[in-house]
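Novice: For reference, the structure I am asking about is given below.
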Amino acid sequence: MRNIRTLVVPVLFLLAVVPVAWSADARVAATSVCVFPLSNLTPDGKFQEHQKPLSDAVEQEFAAVGYRMVPAGQWQAEAAKEKVPADRITEAPVVLRLGQGADADMAVSGFYWMEGGRILISIQCYDVKAGTLITGFLHTWRFNLGFYNSIHAEIADLVQKVVFLTGPRLITLKDSVRVDQITFTSPQDGMEVLIEGQDNVGRIKDGTLVFDTGGIKAGTPLLVQKRQEGYHPLSQSIIVAPEVALTPLPRENRLSLELDWTAGQLEGAGATLRWYPVPDWIMVNFSEYLYGQIPYVQNASLPIHADSELLAGLYLFLPPQSDFRFGVSSGVGTILSWIPGTTLPIYTDVYLNLLSLWGEYKVAGFPILLRMDVKIPLGLGTSLLGSGNVLTWGGGIPPITVGMVLPWK
Amino acid sequence: MEMNGLVHGGRSLAMRAAAPLIVVAAVLTLGSCQVLEFIFGSVFPATVGLTKARADLSGTIDSSSAGAFNLRVVQSGSNGYVILVGNPGGISTTAYVYDLNLNPVTTLTGLTGDGVLVDVNGNIDICSNAYSPTTMANLGALGGSIYSYNPGGVDGLQNTGTSELVNLNFTQGTTTLNFVSATSAVPPASWTFPAPTAVQTFTGSVSSLQLNAVFDDGNPSGNAILVVSQPTSGGNNGNAATCYFMTTLKANFPAGAVPPTLLSSSPSLDNIETQCVGYAQGSIIAYDAKAGQFLKVDPASGSIQKTFYTGSDMSNTRLGYLVAGGYFYGFDTRSRVLTKYATWW
Amino acid sequence: MRNLRSILAAPVLLVLLPFLAQGQDRSPAPASDAAGSAAQPQLASTQSPPAPDKAPRRLLFVMEGGFVGGPSSDQLVILKRSFLTALADRDDAPEPVDFGSKPFPGSLADRNKTARDAGADCWVLVRVSGLGSPTISVLSYDLLYNQIVLDFSAHRSEGFSMVDISRERWDDVILPLLKKYPPLVARAYNRGPPAPATLTIRAVPGTVVTGLSPRPLTVGPGGTVDVDLPSPAAYSLRATASGYIPTQAGLYLNGQAELPLAQERSPWLKLDGSFLDGFFPGVAATFALPALPLFARVGFTTFRAGIAVNGGDNLAISLPLTQFTLLLGIYLSPEDRPTRWYVGTGPLLRVSFPSGGPFTIDQLIPFGVQAVGGVELSLVGKLKTFIEYTPGWYYTPLPDLFALSFGNNGGSTFPYLNLPPAGAVDLIELRIGLRYAL
C-alpha cells in the first residue's frame, strides 16, 4: 500500500500534463534541425581539438529535446557542390542556403575563438523557411574545468528559446508608404516655409517646424520656398520624408564695405562704401582712394593723390547665393593731387568712369573681387592729366583693382 | 560627423591664398629697376613727381597751333628765360617769354623768323629783335631774321670772337648742311646776314637728312653737337627715327673743315623721338618712344648712361634743357601746358 | 525499493517540466515572417498575436573590411555577429538582413536594387579599416524616402578585442541607425496609394492648362474645368491664354476643391529709353500685336548729344541728325521667361535738323533697312533691360564720300562694308536700354 502512495502524486501529475506535453512533443518531433559544425576562427587554426566536442554538444542538446536531426551527409553533399568547406559554415546566407538544400526547418551554426585562456562562442538558430534568425548568443567564458558544464547549460537555454511566432507584417516596397508629418529642421529661426509656393506652413521655431501633409507618398519630390525679412528668398527641392533639413537663406546686404588695392595706385589703398537700394543687386558706391607716387630720383617730390568716386552699378545674372558673381558699374570721380615741396596748386582731375567691370568670388564667406576700370579724364579746371586718353598704368592697361567685400548691414 | 565637406573647403582656401603670393614673389625676383617702375607705375606719369612749376597756355594757344611752337631755354649771365616761339598761321611769329620759374614775363608778337639765341653781347635775340637780358626791353631790330630748322636745342652757335652761326639747315632732299655766319658783335641793327654757306655734304648710307637739334657745349672755342635723322614719312611710329649724334668743333664750320665722313663715323640710336632731344651737363637727353623712357646718352660714343621710365607718352612734348643742368622744361602740344621739371639723372 | 521509486519520480518530473513550460512559452523571440515569403512556420504558438500597430524597418546589413589594413575575413565574421547581436538587443530596432561576405556593388543604383531584391527597404554599409585604431565608416540609404541618411566615420582609439567582443555595444553606429530607422506606424503603410480627388480650376475661358494630366485641359466658357488627381500630391502646371502672360504655378493638392489661377494681361504698350552705339540716346514705343508674339515698334534716335571715346580733345559729339525707325518683329521666347529673345526688321529714315534751317532728309544717307536681334532681361517689376544687335544697310547716293567719311582704319573700312553702287552695311551697331511695360 505504501508503494502505491508514493507513486500517486507523480502519476497524477503526469496524467495532467502529459496531453499538453505530448502535443508540444509532436511539434518538436516534426521539426527538422540541421546543425552545422562550429567554425574555429582562432588564428592559425589553434585549438582545433575543441571543434568536435563543442559541435557535438550543440547537436546533443537539440537531439535530447526531441528535434529531428538532419544527418550530416545530407548537407555535406550540398556544401561540396557549393565548394563551401564544411568547417566554415557560419555566415547567415550560406547557412540558410545549405539548410534549404538539406530541406531543414531550422539551421544551427556558430563559431568559436580562443585567446589567453578564454573562449568566445557564438551560436545562431535560423528559421530556414522564413530566412530569418530565431535566436542566438555570443558570449565569452574562461576556459577551465567547469566550461563544458556552462556551455551545455547555455545551449540548453538556447534551445528553450526556440519559438516560431507569426511576426508582424512587414512593409514591402510595393506598399504605398505615406508620410503624415514632415518635421523641417533648420538652424535659421524665423524662416518662413511655403510648399509649392502656396501653403504657408509657418516659421521655423527653435530649429524645427512641423508640416501636416495629409498623407503624401514617401519619396515624393516637393519644391519648398523659404523666405524671411532681411534675407533673400530661395527655393529648395526636397524629398518627402519624416525629417527634412532646410539650408539657411543668404542675408540681404544693404550696406557693405569694400577694401581696395589698385594697380597703377599701388602706393596706397582705398575703401568703398556700397549702398544697395535693391539688396545684393543694384548698388551705389562711394569710393575714396589715397595714394602717393614714390619717387625714383633724388630731386623728385612725393605727389599725393586722393581719388573720390561715385558709381552706380549692378550685378548681372548670377544670384546672391552663388560663389562667383560679376557686374558692371559706371560713374564719375575726381582725383585731387597735391605736390608738396612746390608752389603748385592742388590739381583736380575730373574723370568719367565709363565702364567698371568686376568679378567676385567668395572665399570663406567674403567675396574677393577683381575689377577693371575704364576712366576717361575730362580736363576740367586745373588738371594734371588733361583730357581724352583712357587712364592706364604700366604697359597701357587700365587700372586693375583687387579687393575684399565686407558685408556690414 | 555627418558632413565631411568642411575639410575640403579649408584645403582649397589655402591653395587659393597661396597663388597671388607666388605671383608677387616671381615678379620681385625679376629685380630690374624697370620692372619695379612698371609695377609701381601710376595712372599719373612719373614726371608728375618731377614737376616744380606749371604754366597753362591752353587758353592762349589752341590745339591746332600748338605744334608750330618751339621751346627754347636761354641763359645770359644770371638771367634765364623759357621762350615758346612759333608761327602758327604762317603770317607772323609770336613768342611767349617766361622766367625760369615759369612766371610770365612778356608776350611778343609781330616778329619775323622763329629762332632764339643769346648773342655775344649777352642779349637775348628773338626772331628779328634783340632784348635786354635783365629787363627784356626791346633793344632794336636785328639786321635780318633768325630762322630755326631744328625743334630741339639752340638756334645759334656762339663762334669764336664775334660771330654767330645761325640758320643752320639741310638742303631739302640732300645731306648738304648750310649755315649763315653772322657778325653779331655790333648793335642789333648792324648785324649782317650774308648768304648761306654750305658746310659740307655728308657721305654715308643715307641720301637726305633733317636737323633735329643743335647743341652748343657752352665753350666758344668748343664743340657743336648736331642731332640729325632721315626725314620720316609719318608712319605709325610718329616722329621716331634713327638719330645720329655728330660732334665737331664750331670753328670747323666757317673754316670749311667739317669732314664729309662725319655722318658715317658718328654714333646713332634707334627709335628716338626727333622732337624731344635735348642737351645738359655734357650729355644728350633723348626719349625712346618704343620703350617709353628718357635716355641720357654720351654723344661721343652713343652709349646710354642712364634711363628713366616716364610712365606716359612724351612724344608730343617739346623739351628744353638748361645746359648747366638742374631743371628741364616741357611743352605738351596736346594740353598746351608748360612744365618745369627737376632733373631725373 | 520504496525509496528508489520516490527518488526516481522527482528527476522524471524535472525532466518533463521544461516541455510542459514550452507549450505555454510566449517569450518574444526575434522570429519574423519574411516579406513575400509564402510558407507558413511549422510551429505556431497557441495564441495569435494582436494586430501590429507598427512595423520595423528591414535593413540590408553589409559589413566589409577596409581596403588597407582591415580585419581578416574571420575577424569580420566575428565583428558582424557582434554587431547583429548588439542590434537585436535594442527595442524597435530595424530587422537586419545579413548580406554575407559577397562583394557589395559599387554604384548606388546597383546597391539599391540588391537591397530591394533581398526584401529590404534600407541598407547600411559598414566599413572597418585599420587594426590598431580602427575607423568605422557608415553609409546608409533609405529606399522609402530615396535619400542617403547616414554618411559618417567613427574612430576608435583602441582596436577590437575578439575574445571580448561580446562587450562591444557598437553605440556609435547603432544609435544613429535606430534614430534614422524607427518602426513605421501602421497608418503609414496600411492606406494604399493616395485616392483621386476632383479639383476645379478657375481661369479665363479658353486657357490651356498643361502639366496636370497627360492631355492638356481647356477651361470652358464658364471659366472652370474639372480634373481628377490623386491627393495629397504635388503638381506643377502651366496655363497659357491668348492676351495673357503665361502662368507657371506649383500646387500642393490636399483637400482643396478649387484652384483659381492668377493670370496677368499682356502689356500692349512698352516704352524704351536706349543708347545707340553706347552714346546716342533714343526712345521708342513698342505695340504688342494680339494673339501672336508679334510687335511693331516706332522710335527715333538723335545724334545731337553723344560721347565719343576717340582720345581727342572733344569728348562730346553733336550732329544735327535724327534717325526714325519702324520695326516689325516677333518674340522667340514665351512672355513669362526672365530672358526673352526677339528678332525684327524694318526701315529707317535719317533726317537733318541743321541750326537755322528747316529739316531735310539727310543727303549722305537718306534711308536704310535694319535687322534687329535682341534680348530682354527682367530687372525689377515691369522694368526690363535690353541689348540689341542692329546691323543696318544704308542707301547712299554718294558712295565715295560715304566711304571717305569712315576714315582710314589701316586701309580697310571695317566695320563698314561698302556695297556698290549705292549702299553700305554697318556691321557693328549695338543698342542698350531700359524697357518699361505699361
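Starting from 1 in every chain, residues are counted up; chains themselves are A, B, ... following the order of the C-alpha cells, and ligands are numbered from 1 as listed.
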What parts of range 206-420 of chain C does DSSP call strand (DSSP E or B)? I'd like the answer as a ChimeraX atom specification.
Specialist: /C:208-210,217-218,224-231,233-240,244-245,247-253,258-260,264-265,269-276,280-288,294-302,306-307,316-317,321-331,339-352,360-361,367-380,383-389,392-395,409,412,416-419
Novice: Using only C-alpha atoms, determine which residues lie at most 6 Å from range 128-131 of chain C, disregarding the query and same-chain residues fewer than 3 positions distant; provide the list as number ranges by chain.
Specialist: C: 65-66, 69-70, 134-136, 159
Novice: Can you tell me which residues surround range 146-157 of chain C at a distance of at most 9 Å, considering only C-alpha atoms, apart from same-chain residues fewer than 3 positions away, and format the answer as a VMD selection string?
Specialist: (chain A and resid 218 to 220 239 to 241) or (chain B and resid 1 to 4) or (chain C and resid 124 132 to 143 160 172 to 173 176 to 177 180)
Novice: Based on the selection just made, write C-alpha atoms of those residues as a compact mmCIF listing (two decimals), in the first residue's frame.
Specialist:
```
# COMPACT_ATOMS: atom_id res chain seq x y z
CA ALA A 218 7.06 58.94 -49.13
CA GLY A 219 9.87 59.85 -51.55
CA THR A 220 7.77 62.39 -53.49
CA ILE A 239 12.13 64.58 -50.89
CA VAL A 240 9.19 63.78 -48.66
CA ALA A 241 10.50 62.09 -45.50
CA MET B 1 30.16 63.66 -38.02
CA GLU B 2 27.72 63.61 -40.88
CA MET B 3 29.33 66.17 -43.20
CA ASN B 4 32.86 65.87 -44.49
CA VAL C 124 23.78 50.12 -44.47
CA GLY C 132 45.30 49.43 -34.03
CA SER C 133 42.82 52.26 -34.01
CA PRO C 134 40.07 51.34 -36.39
CA THR C 135 37.93 53.74 -38.39
CA ILE C 136 34.36 52.67 -38.92
CA SER C 137 32.75 54.38 -41.87
CA VAL C 138 29.00 54.13 -42.21
CA LEU C 139 26.94 54.78 -45.33
CA SER C 140 23.20 54.18 -45.28
CA TYR C 141 20.46 54.76 -47.84
CA ASP C 142 16.74 54.83 -47.10
CA LEU C 143 14.83 53.33 -50.05
CA PHE C 160 38.72 45.40 -31.34
CA ASP C 172 28.40 54.91 -32.30
CA VAL C 173 26.86 53.06 -35.26
CA PRO C 176 22.31 56.63 -35.38
CA LEU C 177 20.70 53.66 -37.17
CA LYS C 180 17.11 57.03 -38.66
```
Novice: Looking only at the backbone, which of the residues in range 30-217 of chain A does DSSP tag as helix (DSSP H, G or I), as a PyMOL selection string?
Specialist: chain A and resi 30+43-45+48-65+72-81+86-88+92-101+147-160
Novice: If we count only C-alpha atoms, what is near range 172-179 of chain B at a cut-off of 7 Å, once residues fewer than 6 positions away on the same chain are taken out, given as a list in words?
Specialist: Leu165, Val166, Pro196, Thr197, Ala198, Val199, Gln200, Thr201, Phe202, Ser207, Ser208 and Leu209 of chain B
Novice: Could you turn the residues from that selection into a file that holds N, CA and C atoms, as a compact mmCIF listing (two decimals), in the first residue's frame?
Specialist:
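This is the output file selection_26.txt:
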```txt
# COMPACT_ATOMS: atom_id res chain seq x y z
N LEU B 165 76.88 131.44 -85.59
CA LEU B 165 76.46 130.54 -86.67
C LEU B 165 74.96 130.36 -86.53
N VAL B 166 74.22 130.88 -87.51
CA VAL B 166 72.76 130.84 -87.39
C VAL B 166 72.17 130.20 -88.63
N PRO B 196 73.73 132.08 -97.18
CA PRO B 196 74.10 130.83 -96.50
C PRO B 196 75.28 130.16 -97.18
N THR B 197 76.11 129.56 -96.38
CA THR B 197 77.25 128.81 -96.90
C THR B 197 77.01 127.33 -96.66
N ALA B 198 77.39 126.54 -97.66
CA ALA B 198 77.27 125.09 -97.42
C ALA B 198 78.42 124.64 -96.55
N VAL B 199 78.09 123.91 -95.52
CA VAL B 199 79.14 123.41 -94.62
C VAL B 199 79.81 122.22 -95.24
N GLN B 200 78.99 121.27 -95.59
CA GLN B 200 79.55 120.02 -96.11
C GLN B 200 78.39 119.17 -96.60
N THR B 201 78.70 118.36 -97.54
CA THR B 201 77.74 117.32 -97.91
C THR B 201 78.25 116.03 -97.31
N PHE B 202 77.43 115.45 -96.46
CA PHE B 202 77.91 114.28 -95.73
C PHE B 202 77.69 113.01 -96.53
N SER B 207 70.48 109.33 -97.90
CA SER B 207 70.51 110.26 -99.02
C SER B 207 69.98 111.62 -98.66
N SER B 208 69.18 111.72 -97.61
CA SER B 208 68.70 113.04 -97.21
C SER B 208 68.61 113.08 -95.69
N LEU B 209 68.78 114.27 -95.17
CA LEU B 209 68.80 114.43 -93.72
C LEU B 209 67.93 115.61 -93.28
```
